[in-house]
file query_18.pdb (PDB, C-alpha atoms)
MODEL        1
ATOM      1  CA  MET A   1      16.276   3.940  57.153  1.00  0.00           C
ATOM      2  CA  LEU A   2      14.470   0.601  56.923  1.00  0.00           C
ATOM      3  CA  LYS A   3      12.462   1.541  60.010  1.00  0.00           C
ATOM      4  CA  VAL A   4      11.196   4.733  58.325  1.00  0.00           C
ATOM      5  CA  LEU A   5      10.392   2.867  55.109  1.00  0.00           C
ATOM      6  CA  LEU A   6       8.382   0.186  56.894  1.00  0.00           C
ATOM      7  CA  LEU A   7       6.585   2.808  58.978  1.00  0.00           C
ATOM      8  CA  SER A   8       5.684   4.767  55.837  1.00  0.00           C
ATOM      9  CA  ILE A   9       4.363   1.707  54.037  1.00  0.00           C
ATOM     10  CA  GLY A  10       2.345   0.753  57.103  1.00  0.00           C
ATOM     11  CA  LEU A  11       0.785   4.208  57.338  1.00  0.00           C
ATOM     12  CA  VAL A  12      -0.142   4.198  53.653  1.00  0.00           C
ATOM     13  CA  LEU A  13      -1.796   0.799  54.026  1.00  0.00           C
ATOM     14  CA  VAL A  14      -3.756   1.956  57.091  1.00  0.00           C
ATOM     15  CA  PHE A  15      -5.039   5.096  55.354  1.00  0.00           C
ATOM     16  CA  GLU A  16      -5.864   3.244  52.139  1.00  0.00           C
ATOM     17  CA  GLY A  17      -7.697   0.554  54.077  1.00  0.00           C
ATOM     18  CA  LEU A  18      -9.685   3.114  56.063  1.00  0.00           C
ATOM     19  CA  ILE A  19     -10.787   4.933  52.920  1.00  0.00           C
ATOM     20  CA  TYR A  20     -12.079   1.711  51.325  1.00  0.00           C
ATOM     21  CA  PHE A  21     -13.729   0.631  54.600  1.00  0.00           C
ATOM     22  CA  LEU A  22     -15.486   3.938  55.231  1.00  0.00           C
ATOM     23  CA  PHE A  23     -16.606   4.543  51.652  1.00  0.00           C
ATOM     24  CA  ALA A  24     -17.217   0.990  50.406  1.00  0.00           C
ATOM     25  CA  GLY A  25     -20.739   1.799  49.268  1.00  0.00           C
ATOM     26  CA  LYS A  26     -19.629   4.753  47.160  1.00  0.00           C
ATOM     27  CA  MET A  27     -16.591   3.094  45.576  1.00  0.00           C
ATOM     28  CA  ILE A  28     -18.515   1.719  42.596  1.00  0.00           C
ATOM     29  CA  LYS A  29     -19.822   5.210  41.839  1.00  0.00           C
ATOM     30  CA  TYR A  30     -16.319   6.687  42.128  1.00  0.00           C
ATOM     31  CA  LEU A  31     -14.824   3.994  39.906  1.00  0.00           C
ATOM     32  CA  GLU A  32     -17.472   4.636  37.249  1.00  0.00           C
ATOM     33  CA  GLN A  33     -16.635   8.345  37.297  1.00  0.00           C
ATOM     34  CA  ILE A  34     -12.906   7.636  37.077  1.00  0.00           C
ATOM     35  CA  SER A  35     -13.442   5.310  34.094  1.00  0.00           C
ATOM     36  CA  LYS A  36     -14.862   8.278  32.165  1.00  0.00           C
ATOM     37  CA  ILE A  37     -11.711  10.385  32.613  1.00  0.00           C
ATOM     38  CA  ASP A  38      -9.071  10.434  29.877  1.00  0.00           C
ATOM     39  CA  PRO A  39      -6.164   8.122  30.842  1.00  0.00           C
ATOM     40  CA  GLN A  40      -3.615  10.805  29.939  1.00  0.00           C
ATOM     41  CA  ILE A  41      -5.074  13.136  32.582  1.00  0.00           C
ATOM     42  CA  ILE A  42      -4.855  10.361  35.177  1.00  0.00           C
ATOM     43  CA  LYS A  43      -1.218   9.709  34.214  1.00  0.00           C
ATOM     44  CA  THR A  44      -0.376  13.420  34.469  1.00  0.00           C
ATOM     45  CA  ILE A  45      -1.928  13.708  37.929  1.00  0.00           C
ATOM     46  CA  SER A  46      -0.115  10.536  39.001  1.00  0.00           C
ATOM     47  CA  VAL A  47       3.259  11.876  37.839  1.00  0.00           C
ATOM     48  CA  PHE A  48       2.740  15.073  39.842  1.00  0.00           C
ATOM     49  CA  ALA A  49       1.703  13.063  42.919  1.00  0.00           C
ATOM     50  CA  VAL A  50       4.813  10.876  42.644  1.00  0.00           C
ATOM     51  CA  GLY A  51       7.002  13.958  42.210  1.00  0.00           C
ATOM     52  CA  ILE A  52       5.557  15.622  45.288  1.00  0.00           C
ATOM     53  CA  GLY A  53       5.966  12.391  47.255  1.00  0.00           C
ATOM     54  CA  VAL A  54       9.603  12.023  46.220  1.00  0.00           C
ATOM     55  CA  CYS A  55      10.307  15.648  47.166  1.00  0.00           C
ATOM     56  CA  LEU A  56       8.674  15.181  50.572  1.00  0.00           C
ATOM     57  CA  ILE A  57      10.719  12.053  51.230  1.00  0.00           C
ATOM     58  CA  TYR A  58      13.940  13.692  50.066  1.00  0.00           C
ATOM     59  CA  PHE A  59      13.554  16.837  52.155  1.00  0.00           C
ATOM     60  CA  THR A  60      12.361  14.909  55.195  1.00  0.00           C
ATOM     61  CA  LEU A  61      15.360  12.599  55.096  1.00  0.00           C
ATOM     62  CA  ARG A  62      17.766  15.437  54.332  1.00  0.00           C
ATOM     63  CA  PHE A  63      16.705  17.785  57.116  1.00  0.00           C
ATOM     64  CA  TYR A  64      15.305  15.523  59.843  1.00  0.00           C
ATOM     65  CA  VAL A  65      17.538  12.446  59.852  1.00  0.00           C
ATOM     66  CA  GLU A  66      19.933  12.502  62.756  1.00  0.00           C
TER
ENDMDL
END
call {"tool": "encode", "arguments": {"input": "query_18.pdb", "output": "structure tokens"}}
result
Amino acid sequence: MLKVLLLSIGLVLVFEGLIYFLFAGKMIKYLEQISKIDPQIIKTISVFAVGIGVCLIYFTLRFYVE
């Protein structure tokens, strides 16, 4: 279980790092656009993303753990 958790965190960090590395020049533009969005919309999208992530983790561990 710990192995899967550490692997997942590592993969997230790699993908996050790659996105910031590849699009460093455009990040300021993206952050300016995000600052114009209503915080409630951002919170709603975040809650859905967390829910989908939790469901993926649950079903993966339930059906694929030996």
call {"tool": "atom_distance", "arguments": {"input": "query_18.pdb", "atom1": "atom CA of Ser8 of chain A", "atom2": "atom CA of Ile57 of chain A"}}
result
10.0 Å
call {"tool": "atom_distance", "arguments": {"input": "query_18.pdb", "atom1": "atom CA of Met27 of chain A", "atom2": "atom CA of Ile52 of chain A"}}
result
25.4 Å
call {"tool": "atom_distance", "arguments": {"input": "query_18.pdb", "atom1": "atom CA of Pro39 of chain A", "atom2": "atom CA of Leu22 of chain A"}}
result
26.4 Å
call {"tool": "axis_aligned_box", "arguments": {"input": "query_18.pdb", "around": "segment 37-55 of chain A", "padding_each_side": "8 Å", "output": "AutoDock Vina command-line options"}}
result
--center_x -0.7 --center_y 11.9 --center_z 38.6 --size_x 38.0 --size_y 23.5 --size_z 33.4
call {"tool": "decode", "arguments": {"input": "query_18.pdb", "residues": "segment 12-48 of chain A", "atoms": "N, CA, C and O atoms", "output": "PDB file, in the first residue's frame"}}
result
ATOM      1  N   VAL A  12       2.700  12.182  -9.772  1.00  0.00           N
ATOM      2  CA  VAL A  12       2.058  13.502  -9.764  1.00  0.00           C
ATOM      3  C   VAL A  12       3.121  14.592  -9.797  1.00  0.00           C
ATOM      4  O   VAL A  12       3.006  15.564 -10.550  1.00  0.00           O
ATOM      5  N   LEU A  13       4.166  14.437  -8.995  1.00  0.00           N
ATOM      6  CA  LEU A  13       5.227  15.440  -8.974  1.00  0.00           C
ATOM      7  C   LEU A  13       5.949  15.538 -10.313  1.00  0.00           C
ATOM      8  O   LEU A  13       6.284  16.631 -10.772  1.00  0.00           O
ATOM      9  N   VAL A  14       6.179  14.404 -10.974  1.00  0.00           N
ATOM     10  CA  VAL A  14       6.824  14.413 -12.285  1.00  0.00           C
ATOM     11  C   VAL A  14       5.957  15.152 -13.297  1.00  0.00           C
ATOM     12  O   VAL A  14       6.433  16.030 -14.030  1.00  0.00           O
ATOM     13  N   PHE A  15       4.673  14.823 -13.365  1.00  0.00           N
ATOM     14  CA  PHE A  15       3.785  15.470 -14.328  1.00  0.00           C
ATOM     15  C   PHE A  15       3.615  16.959 -14.034  1.00  0.00           C
ATOM     16  O   PHE A  15       3.617  17.783 -14.945  1.00  0.00           O
ATOM     17  N   GLU A  16       3.475  17.304 -12.772  1.00  0.00           N
ATOM     18  CA  GLU A  16       3.355  18.723 -12.410  1.00  0.00           C
ATOM     19  C   GLU A  16       4.623  19.475 -12.794  1.00  0.00           C
ATOM     20  O   GLU A  16       4.566  20.569 -13.348  1.00  0.00           O
ATOM     21  N   GLY A  17       5.769  18.900 -12.495  1.00  0.00           N
ATOM     22  CA  GLY A  17       7.032  19.536 -12.827  1.00  0.00           C
ATOM     23  C   GLY A  17       7.213  19.717 -14.329  1.00  0.00           C
ATOM     24  O   GLY A  17       7.705  20.747 -14.789  1.00  0.00           O
ATOM     25  N   LEU A  18       6.822  18.706 -15.107  1.00  0.00           N
ATOM     26  CA  LEU A  18       6.934  18.806 -16.557  1.00  0.00           C
ATOM     27  C   LEU A  18       6.051  19.906 -17.127  1.00  0.00           C
ATOM     28  O   LEU A  18       6.459  20.632 -18.032  1.00  0.00           O
ATOM     29  N   ILE A  19       4.855  20.028 -16.596  1.00  0.00           N
ATOM     30  CA  ILE A  19       3.936  21.070 -17.084  1.00  0.00           C
ATOM     31  C   ILE A  19       4.540  22.452 -16.844  1.00  0.00           C
ATOM     32  O   ILE A  19       4.561  23.299 -17.734  1.00  0.00           O
ATOM     33  N   TYR A  20       5.056  22.693 -15.628  1.00  0.00           N
ATOM     34  CA  TYR A  20       5.647  24.001 -15.330  1.00  0.00           C
ATOM     35  C   TYR A  20       6.922  24.230 -16.130  1.00  0.00           C
ATOM     36  O   TYR A  20       7.220  25.346 -16.533  1.00  0.00           O
ATOM     37  N   PHE A  21       7.703  23.183 -16.386  1.00  0.00           N
ATOM     38  CA  PHE A  21       8.931  23.312 -17.164  1.00  0.00           C
ATOM     39  C   PHE A  21       8.619  23.632 -18.622  1.00  0.00           C
ATOM     40  O   PHE A  21       9.231  24.517 -19.218  1.00  0.00           O
ATOM     41  N   LEU A  22       7.673  22.913 -19.202  1.00  0.00           N
ATOM     42  CA  LEU A  22       7.378  23.084 -20.621  1.00  0.00           C
ATOM     43  C   LEU A  22       6.636  24.381 -20.931  1.00  0.00           C
ATOM     44  O   LEU A  22       6.781  24.943 -22.014  1.00  0.00           O
ATOM     45  N   PHE A  23       5.826  24.843 -19.993  1.00  0.00           N
ATOM     46  CA  PHE A  23       5.000  26.022 -20.242  1.00  0.00           C
ATOM     47  C   PHE A  23       5.329  27.174 -19.298  1.00  0.00           C
ATOM     48  O   PHE A  23       4.447  27.963 -18.948  1.00  0.00           O
ATOM     49  N   ALA A  24       6.590  27.306 -18.927  1.00  0.00           N
ATOM     50  CA  ALA A  24       6.989  28.357 -17.973  1.00  0.00           C
ATOM     51  C   ALA A  24       6.690  29.753 -18.512  1.00  0.00           C
ATOM     52  O   ALA A  24       6.266  30.631 -17.760  1.00  0.00           O
ATOM     53  N   GLY A  25       6.881  29.960 -19.789  1.00  0.00           N
ATOM     54  CA  GLY A  25       6.637  31.276 -20.363  1.00  0.00           C
ATOM     55  C   GLY A  25       5.171  31.671 -20.381  1.00  0.00           C
ATOM     56  O   GLY A  25       4.835  32.853 -20.329  1.00  0.00           O
ATOM     57  N   LYS A  26       4.288  30.701 -20.444  1.00  0.00           N
ATOM     58  CA  LYS A  26       2.856  30.990 -20.521  1.00  0.00           C
ATOM     59  C   LYS A  26       2.167  30.965 -19.157  1.00  0.00           C
ATOM     60  O   LYS A  26       0.988  31.289 -19.062  1.00  0.00           O
ATOM     61  N   MET A  27       2.895  30.603 -18.108  1.00  0.00           N
ATOM     62  CA  MET A  27       2.260  30.457 -16.800  1.00  0.00           C
ATOM     63  C   MET A  27       1.704  31.775 -16.265  1.00  0.00           C
ATOM     64  O   MET A  27       0.652  31.789 -15.644  1.00  0.00           O
ATOM     65  N   ILE A  28       2.411  32.864 -16.487  1.00  0.00           N
ATOM     66  CA  ILE A  28       1.925  34.164 -16.012  1.00  0.00           C
ATOM     67  C   ILE A  28       0.587  34.493 -16.672  1.00  0.00           C
ATOM     68  O   ILE A  28      -0.354  34.941 -16.014  1.00  0.00           O
ATOM     69  N   LYS A  29       0.493  34.238 -17.963  1.00  0.00           N
ATOM     70  CA  LYS A  29      -0.753  34.484 -18.695  1.00  0.00           C
ATOM     71  C   LYS A  29      -1.882  33.618 -18.138  1.00  0.00           C
ATOM     72  O   LYS A  29      -2.998  34.094 -17.919  1.00  0.00           O
ATOM     73  N   TYR A  30      -1.581  32.336 -17.890  1.00  0.00           N
ATOM     74  CA  TYR A  30      -2.599  31.432 -17.349  1.00  0.00           C
ATOM     75  C   TYR A  30      -3.037  31.859 -15.953  1.00  0.00           C
ATOM     76  O   TYR A  30      -4.223  31.818 -15.623  1.00  0.00           O
ATOM     77  N   LEU A  31      -2.080  32.269 -15.130  1.00  0.00           N
ATOM     78  CA  LEU A  31      -2.420  32.697 -13.773  1.00  0.00           C
ATOM     79  C   LEU A  31      -3.269  33.968 -13.783  1.00  0.00           C
ATOM     80  O   LEU A  31      -4.164  34.129 -12.950  1.00  0.00           O
ATOM     81  N   GLU A  32      -3.003  34.863 -14.712  1.00  0.00           N
ATOM     82  CA  GLU A  32      -3.836  36.067 -14.834  1.00  0.00           C
ATOM     83  C   GLU A  32      -5.264  35.707 -15.228  1.00  0.00           C
ATOM     84  O   GLU A  32      -6.221  36.288 -14.718  1.00  0.00           O
ATOM     85  N   GLN A  33      -5.412  34.745 -16.134  1.00  0.00           N
ATOM     86  CA  GLN A  33      -6.748  34.317 -16.541  1.00  0.00           C
ATOM     87  C   GLN A  33      -7.474  33.633 -15.385  1.00  0.00           C
ATOM     88  O   GLN A  33      -8.673  33.851 -15.188  1.00  0.00           O
ATOM     89  N   ILE A  34      -6.761  32.821 -14.636  1.00  0.00           N
ATOM     90  CA  ILE A  34      -7.373  32.119 -13.502  1.00  0.00           C
ATOM     91  C   ILE A  34      -7.808  33.114 -12.427  1.00  0.00           C
ATOM     92  O   ILE A  34      -8.842  32.934 -11.783  1.00  0.00           O
ATOM     93  N   SER A  35      -7.035  34.187 -12.235  1.00  0.00           N
ATOM     94  CA  SER A  35      -7.389  35.167 -11.199  1.00  0.00           C
ATOM     95  C   SER A  35      -8.695  35.888 -11.512  1.00  0.00           C
ATOM     96  O   SER A  35      -9.312  36.459 -10.616  1.00  0.00           O
ATOM     97  N   LYS A  36      -9.136  35.843 -12.757  1.00  0.00           N
ATOM     98  CA  LYS A  36     -10.385  36.498 -13.149  1.00  0.00           C
ATOM     99  C   LYS A  36     -11.612  35.609 -12.940  1.00  0.00           C
ATOM    100  O   LYS A  36     -12.733  36.086 -13.009  1.00  0.00           O
ATOM    101  N   ILE A  37     -11.393  34.330 -12.669  1.00  0.00           N
ATOM    102  CA  ILE A  37     -12.499  33.388 -12.490  1.00  0.00           C
ATOM    103  C   ILE A  37     -13.017  33.480 -11.056  1.00  0.00           C
ATOM    104  O   ILE A  37     -12.249  33.647 -10.108  1.00  0.00           O
ATOM    105  N   ASP A  38     -14.316  33.334 -10.903  1.00  0.00           N
ATOM    106  CA  ASP A  38     -14.957  33.360  -9.589  1.00  0.00           C
ATOM    107  C   ASP A  38     -14.416  32.210  -8.727  1.00  0.00           C
ATOM    108  O   ASP A  38     -14.376  31.066  -9.183  1.00  0.00           O
ATOM    109  N   PRO A  39     -13.994  32.495  -7.494  1.00  0.00           N
ATOM    110  CA  PRO A  39     -13.447  31.441  -6.630  1.00  0.00           C
ATOM    111  C   PRO A  39     -14.409  30.276  -6.387  1.00  0.00           C
ATOM    112  O   PRO A  39     -13.976  29.130  -6.217  1.00  0.00           O
ATOM    113  N   GLN A  40     -15.702  30.541  -6.383  1.00  0.00           N
ATOM    114  CA  GLN A  40     -16.665  29.458  -6.160  1.00  0.00           C
ATOM    115  C   GLN A  40     -16.630  28.446  -7.305  1.00  0.00           C
ATOM    116  O   GLN A  40     -16.768  27.246  -7.082  1.00  0.00           O
ATOM    117  N   ILE A  41     -16.425  28.901  -8.520  1.00  0.00           N
ATOM    118  CA  ILE A  41     -16.326  28.002  -9.669  1.00  0.00           C
ATOM    119  C   ILE A  41     -15.072  27.134  -9.538  1.00  0.00           C
ATOM    120  O   ILE A  41     -15.103  25.926  -9.792  1.00  0.00           O
ATOM    121  N   ILE A  42     -13.972  27.752  -9.117  1.00  0.00           N
ATOM    122  CA  ILE A  42     -12.730  26.999  -8.926  1.00  0.00           C
ATOM    123  C   ILE A  42     -12.913  25.947  -7.840  1.00  0.00           C
ATOM    124  O   ILE A  42     -12.459  24.802  -7.985  1.00  0.00           O
ATOM    125  N   LYS A  43     -13.587  26.294  -6.755  1.00  0.00           N
ATOM    126  CA  LYS A  43     -13.836  25.335  -5.672  1.00  0.00           C
ATOM    127  C   LYS A  43     -14.714  24.181  -6.153  1.00  0.00           C
ATOM    128  O   LYS A  43     -14.482  23.026  -5.810  1.00  0.00           O
ATOM    129  N   THR A  44     -15.732  24.491  -6.948  1.00  0.00           N
ATOM    130  CA  THR A  44     -16.623  23.445  -7.464  1.00  0.00           C
ATOM    131  C   THR A  44     -15.866  22.474  -8.363  1.00  0.00           C
ATOM    132  O   THR A  44     -15.994  21.248  -8.225  1.00  0.00           O
ATOM    133  N   ILE A  45     -15.049  23.007  -9.264  1.00  0.00           N
ATOM    134  CA  ILE A  45     -14.252  22.145 -10.139  1.00  0.00           C
ATOM    135  C   ILE A  45     -13.285  21.303  -9.317  1.00  0.00           C
ATOM    136  O   ILE A  45     -13.092  20.108  -9.591  1.00  0.00           O
ATOM    137  N   SER A  46     -12.690  21.897  -8.296  1.00  0.00           N
ATOM    138  CA  SER A  46     -11.749  21.172  -7.440  1.00  0.00           C
ATOM    139  C   SER A  46     -12.427  20.022  -6.691  1.00  0.00           C
ATOM    140  O   SER A  46     -11.865  18.938  -6.569  1.00  0.00           O
ATOM    141  N   VAL A  47     -13.640  20.261  -6.204  1.00  0.00           N
ATOM    142  CA  VAL A  47     -14.367  19.206  -5.490  1.00  0.00           C
ATOM    143  C   VAL A  47     -14.663  18.038  -6.427  1.00  0.00           C
ATOM    144  O   VAL A  47     -14.500  16.866  -6.046  1.00  0.00           O
ATOM    145  N   PHE A  48     -15.066  18.331  -7.656  1.00  0.00           N
ATOM    146  CA  PHE A  48     -15.318  17.259  -8.622  1.00  0.00           C
ATOM    147  C   PHE A  48     -14.027  16.500  -8.951  1.00  0.00           C
ATOM    148  O   PHE A  48     -14.030  15.276  -9.058  1.00  0.00           O
TER     149      PHE A  48
END
